Amino acid sequence: MDERILKYFQNSLAPNERLLLLREIEKNEELKKQFAEYQNIQALLNLSSHTEDKKEGETSYLWGTERSV
């Protein structure tokens, strides 16, 4: 995978480097494919962390309501 894609999602590229990468992605099908794959991975990772947050919130809420009874 192109290292610039990783840096893009880590916000480690300078603004001009981000723009150059995005312009290159528009023209290069392989780079576009790599970018989309990593973007999907990032989205799935974000969803999984939100699921854990929800579980933790429910557990904390239930634990708190049981104590007040």
# chains A, B, ... in the order shown; residues from 1 in each chain; ligands from 1
>>> residues_around(residues="Glu17 in chain A", least_positions_apart="4", cutoff="12 Å", atoms="only C-alpha atoms", output="PyMOL selection string")
chain A and resi 4-5+7-8+11-13+21-24
>>> atom_distance(atom1="CA of Leu19 in chain A", atom2="CA of Leu44 in chain A")
24.7 Å
>>> residues_around(residues="range 39-42 of chain A", least_positions_apart="6", cutoff="12 Å", atoms="only C-alpha atoms", output="number ranges by chain")
A: 5-6, 8-10, 32-33, 48-49
>>> atom_distance(atom1="CA of Tyr38 in chain A", atom2="CA of Ala14 in chain A")
19.2 Å
>>> atom_distance(atom1="CA of Asn16 in chain A", atom2="CA of Leu47 in chain A")
29.6 Å
>>> closest_residue(among="A:Ala36, A:Ala43, A:Ile25, A:Leu31", to="Met1 in chain A", atoms="only C-alpha atoms")
A:Leu31
>>> closest_residue(among="A:Gln34, A:Pro15, A:Asn28, A:Asn46", to="Glu3 in chain A", atoms="only C-alpha atoms")
A:Gln34
